[in-house]
Amino acid sequence: MLVVLVFLMLQVSLICNRIYLHCYLAHRAIVSLHPAVAISMHLWLSVLTGLDPIKWVWKHRDHHNYKKIDPYNPFEKGQWHVFFMTWFYYAKGKPGPKDAVDYKPDGVEKIPFIGYRGISGLLILAAVGAIVTGSISGIWLGAAVWLSHLFCFALLFSALNAFAHEAGRPQEGNDSKAANVWWLFPLTWGENFHKNHHDSPHVARFADMDPSWPIIRGLEFFGLAEANTVRRPLQ
């Protein structure tokens, strides 16, 4: 049962990462997202992963800026180095006043300690574990769920950065040496189509078989989102 719970939580986190952080905030491939949806996804990711949206957007846009040396890709240091170090790369540093200037705070950031290393998620799940089991030992159960989810999320995030890019320096122009990695397909909600994404980062649909696309279309159907489907050159 706990394995199923962690798995379901992980799927929600990956969907929030793809739709809210990646397509909406970082690339505006989703042109608009209803505040209720955006805030809910922001809250979920902050509580359970500790991710800071503005820092994520800043780092990820640098990742697409091929004029810079990108430490999050294995161009120089190798895939396994990036696999083990990605989480630290994304955690370090602070965006400057000219970074992610289009990011608009939604109020979640003002909640004390809401996103600090995901500790709020640990406290919440520990409390839930104690209440559900009716025992102090349930704290450890909730903590185990929190840690398992965070570990799996970080693992997949690191795998994408490491193995969805080939080793070697990118060529001049927009060649990121990104790769479509099929073995990550069942786990990453379309993020495995990484070459497709790097070729057209402002398009919300990464591939014909993109599993996130029906969710995005569902949000559009209910008037909760507007996605860009027009392919255009990198900007």
# chains A, B, ... in the order shown; residues from 1 in each chain; ligands from 1
call {"tool": "residues_around", "arguments": {"residues": "range 125-131 of chain A", "least_positions_apart": "4", "cutoff": "9 Å", "atoms": "only C-alpha atoms", "output": "short mmCIF file (atom, residue, chain, number, x, y, z; two decimals) with N, CA, C and O atoms, in the first residue's frame"}}
result
data_model
loop_
_atom_site.label_atom_id
_atom_site.label_comp_id
_atom_site.auth_asym_id
_atom_site.auth_seq_id
_atom_site.Cartn_x
_atom_site.Cartn_y
_atom_site.Cartn_z
N SER A 120 8.67 20.98 5.11
CA SER A 120 7.25 21.09 5.46
C SER A 120 6.50 19.82 5.08
O SER A 120 5.59 19.38 5.79
N GLY A 121 6.90 19.21 3.95
CA GLY A 121 6.28 17.94 3.55
C GLY A 121 6.58 16.83 4.54
O GLY A 121 5.72 16.01 4.84
N SER A 135 -0.61 6.22 16.42
CA SER A 135 0.58 5.87 17.20
C SER A 135 1.73 6.80 16.86
O SER A 135 1.83 7.29 15.73
N ILE A 136 2.59 7.02 17.83
CA ILE A 136 3.79 7.83 17.59
C ILE A 136 4.67 7.20 16.52
O ILE A 136 5.35 7.90 15.76
N SER A 137 4.64 5.88 16.44
CA SER A 137 5.47 5.20 15.44
C SER A 137 5.05 5.56 14.02
O SER A 137 5.83 5.38 13.07
N GLY A 138 3.83 6.07 13.87
CA GLY A 138 3.36 6.48 12.55
C GLY A 138 4.15 7.64 12.00
O GLY A 138 4.15 7.88 10.79
N ILE A 139 4.83 8.39 12.89
CA ILE A 139 5.70 9.48 12.44
C ILE A 139 6.76 8.94 11.50
O ILE A 139 7.05 9.53 10.45
N TRP A 140 7.35 7.79 11.88
CA TRP A 140 8.40 7.21 11.05
C TRP A 140 7.84 6.69 9.73
O TRP A 140 8.52 6.73 8.70
N LEU A 141 6.59 6.25 9.76
CA LEU A 141 5.94 5.78 8.53
C LEU A 141 5.77 6.95 7.56
O LEU A 141 6.08 6.85 6.37
N GLY A 142 5.26 8.08 8.08
CA GLY A 142 5.09 9.27 7.24
C GLY A 142 6.42 9.78 6.72
O GLY A 142 6.52 10.20 5.56
N ALA A 143 7.44 9.75 7.57
CA ALA A 143 8.77 10.20 7.16
C ALA A 143 9.32 9.31 6.06
O ALA A 143 9.99 9.80 5.13
N ALA A 144 9.05 8.00 6.14
CA ALA A 144 9.53 7.07 5.11
C ALA A 144 8.86 7.35 3.76
O ALA A 144 9.50 7.28 2.71
N VAL A 145 7.57 7.68 3.80
CA VAL A 145 6.85 8.02 2.57
C VAL A 145 7.45 9.29 1.96
O VAL A 145 7.70 9.35 0.75
N TRP A 146 7.68 10.29 2.79
CA TRP A 146 8.26 11.55 2.32
C TRP A 146 9.63 11.34 1.68
O TRP A 146 9.91 11.82 0.58
#
call {"tool": "residues_around", "arguments": {"residues": "range 93-95 of chain A", "least_positions_apart": "2", "cutoff": "12 Å", "atoms": "only C-alpha atoms", "output": "PyMOL selection string"}}
result
chain A and resi 52-62+88-91+97-101+103
call {"tool": "select_by_dssp", "arguments": {"residues": "range 4-233 of chain A", "states": "helix (DSSP H, G or I)", "output": "ChimeraX atom specification"}}
result
/A:4-26,35-49,53-64,79-91,108-110,119-133,138-163,182-184,194-199,213-221
call {"tool": "atom_distance", "arguments": {"atom1": "CA of Val203 in chain A", "atom2": "CA of Lys177 in chain A"}}
result
18.5 Å
call {"tool": "closest_residue", "arguments": {"among": "A:Leu43, A:Leu187, A:Val31, A:Ile215", "to": "Lys110 in chain A", "atoms": "only C-alpha atoms"}}
result
A:Leu43
call {"tool": "closest_residue", "arguments": {"among": "A:Ala225, A:Val82, A:Ile119, A:Ile124", "to": "Asn161 in chain A", "atoms": "only C-alpha atoms"}}
result
A:Val82
call {"tool": "closest_residue", "arguments": {"among": "A:Ile114, A:Ala227, A:Ala29, A:Leu160", "to": "Lys195 in chain A", "atoms": "only C-alpha atoms"}}
result
A:Leu160
call {"tool": "closest_atom_pairs", "arguments": {"of": "range 95-176 of chain A", "to": "range 6-17 of chain A", "cutoff": "10 Å", "atoms": "only C-alpha atoms", "output": "JSON lines"}}
result
{"residue": "A:Ala144", "atom": "CA", "partner": "A:Val6", "partner_atom": "CA", "distance": 9.6}
{"residue": "A:Val145", "atom": "CA", "partner": "A:Val6", "partner_atom": "CA", "distance": 6.2}
{"residue": "A:Trp146", "atom": "CA", "partner": "A:Val6", "partner_atom": "CA", "distance": 8.1}
{"residue": "A:Leu147", "atom": "CA", "partner": "A:Val6", "partner_atom": "CA", "distance": 9.5}
{"residue": "A:Ser148", "atom": "CA", "partner": "A:Val6", "partner_atom": "CA", "distance": 6.9}
{"residue": "A:His149", "atom": "CA", "partner": "A:Val6", "partner_atom": "CA", "distance": 5.5}
{"residue": "A:Leu150", "atom": "CA", "partner": "A:Leu10", "partner_atom": "CA", "distance": 8.3}
{"residue": "A:Phe151", "atom": "CA", "partner": "A:Leu10", "partner_atom": "CA", "distance": 9.9}
{"residue": "A:Cys152", "atom": "CA", "partner": "A:Leu10", "partner_atom": "CA", "distance": 7.4}
{"residue": "A:Phe153", "atom": "CA", "partner": "A:Leu10", "partner_atom": "CA", "distance": 6.5}
{"residue": "A:Leu156", "atom": "CA", "partner": "A:Leu14", "partner_atom": "CA", "distance": 9.1}
{"residue": "A:Phe157", "atom": "CA", "partner": "A:Leu14", "partner_atom": "CA", "distance": 9.1}
call {"tool": "write_last_selection", "arguments": {"atoms": "C-alpha atoms", "output": "compact mmCIF listing (two decimals), in the first residue's frame"}}
result
# COMPACT_ATOMS: atom_id res chain seq x y z
CA ALA A 144 9.53 7.07 5.11
CA VAL A 145 6.85 8.02 2.57
CA TRP A 146 8.26 11.55 2.32
CA LEU A 147 11.85 10.37 1.89
CA SER A 148 10.92 7.69 -0.66
CA HIS A 149 8.98 10.16 -2.78
CA LEU A 150 11.73 12.79 -2.65
CA PHE A 151 14.42 10.21 -3.50
CA CYS A 152 12.49 8.86 -6.52
CA PHE A 153 11.70 12.36 -7.78
CA LEU A 156 14.24 10.71 -12.24
CA PHE A 157 15.11 14.40 -12.45
call {"tool": "decode", "arguments": {"residues": "range 95-119 of chain A", "atoms": "N, CA and C atoms", "output": "CSV table (one decimal), in the first residue's frame"}}
result
chain,number,residue,atom,x,y,z
A,95,PRO,N,18.9,33.5,-8.3
A,95,PRO,CA,18.7,34.3,-9.6
A,95,PRO,C,18.9,35.8,-9.3
A,96,GLY,N,19.5,36.5,-10.3
A,96,GLY,CA,19.7,37.9,-10.2
A,96,GLY,C,18.5,38.7,-10.7
A,97,PRO,N,18.5,40.0,-10.6
A,97,PRO,CA,17.4,40.8,-10.9
A,97,PRO,C,17.0,40.7,-12.4
A,98,LYS,N,17.9,40.3,-13.3
A,98,LYS,CA,17.5,40.1,-14.7
A,98,LYS,C,17.2,38.7,-15.1
A,99,ASP,N,17.1,37.8,-14.1
A,99,ASP,CA,16.8,36.4,-14.4
A,99,ASP,C,15.3,36.2,-14.1
A,100,ALA,N,14.6,35.5,-15.0
A,100,ALA,CA,13.2,35.1,-14.9
A,100,ALA,C,12.4,36.3,-14.5
A,101,VAL,N,12.6,37.4,-15.2
A,101,VAL,CA,11.9,38.7,-14.9
A,101,VAL,C,10.3,38.5,-15.1
A,102,ASP,N,9.9,37.6,-15.9
A,102,ASP,CA,8.5,37.4,-16.2
A,102,ASP,C,7.8,36.6,-15.1
A,103,TYR,N,8.5,36.1,-14.1
A,103,TYR,CA,7.9,35.3,-13.0
A,103,TYR,C,7.2,36.2,-12.1
A,104,LYS,N,5.9,35.8,-11.8
A,104,LYS,CA,5.1,36.6,-10.9
A,104,LYS,C,4.7,35.8,-9.7
A,105,PRO,N,5.1,36.2,-8.5
A,105,PRO,CA,4.8,35.5,-7.3
A,105,PRO,C,3.3,35.3,-7.1
A,106,ASP,N,2.9,34.2,-6.6
A,106,ASP,CA,1.5,33.9,-6.4
A,106,ASP,C,1.1,33.8,-5.0
A,107,GLY,N,2.0,34.1,-4.0
A,107,GLY,CA,1.6,34.1,-2.6
A,107,GLY,C,2.1,32.9,-1.9
A,108,VAL,N,2.4,31.8,-2.6
A,108,VAL,CA,2.9,30.6,-1.9
A,108,VAL,C,4.2,30.8,-1.2
A,109,GLU,N,5.0,31.7,-1.9
A,109,GLU,CA,6.4,31.9,-1.3
A,109,GLU,C,6.3,32.6,0.1
A,110,LYS,N,5.2,33.3,0.4
A,110,LYS,CA,5.1,34.0,1.6
A,110,LYS,C,4.8,33.1,2.8
A,111,ILE,N,4.4,31.8,2.5
A,111,ILE,CA,4.1,30.9,3.6
A,111,ILE,C,5.4,30.5,4.3
A,112,PRO,N,5.6,30.7,5.6
A,112,PRO,CA,6.9,30.4,6.2
A,112,PRO,C,7.3,29.0,6.1
A,113,PHE,N,8.6,28.8,5.6
A,113,PHE,CA,9.3,27.5,5.5
A,113,PHE,C,8.5,26.6,4.6
A,114,ILE,N,7.7,27.1,3.7
A,114,ILE,CA,6.9,26.2,2.8
A,114,ILE,C,7.7,25.3,1.9
A,115,GLY,N,8.8,25.9,1.4
A,115,GLY,CA,9.6,25.1,0.4
A,115,GLY,C,11.0,24.8,0.8
A,116,TYR,N,11.3,25.0,2.1
A,116,TYR,CA,12.7,24.8,2.5
A,116,TYR,C,13.0,23.4,2.6
A,117,ARG,N,13.8,22.9,1.5
A,117,ARG,CA,14.2,21.5,1.4
A,117,ARG,C,13.1,20.5,1.5
A,118,GLY,N,11.9,20.9,1.3
A,118,GLY,CA,10.8,20.0,1.4
A,118,GLY,C,10.5,19.6,2.9
A,119,ILE,N,11.0,20.3,3.8
A,119,ILE,CA,10.9,19.9,5.3
A,119,ILE,C,9.4,20.0,5.7
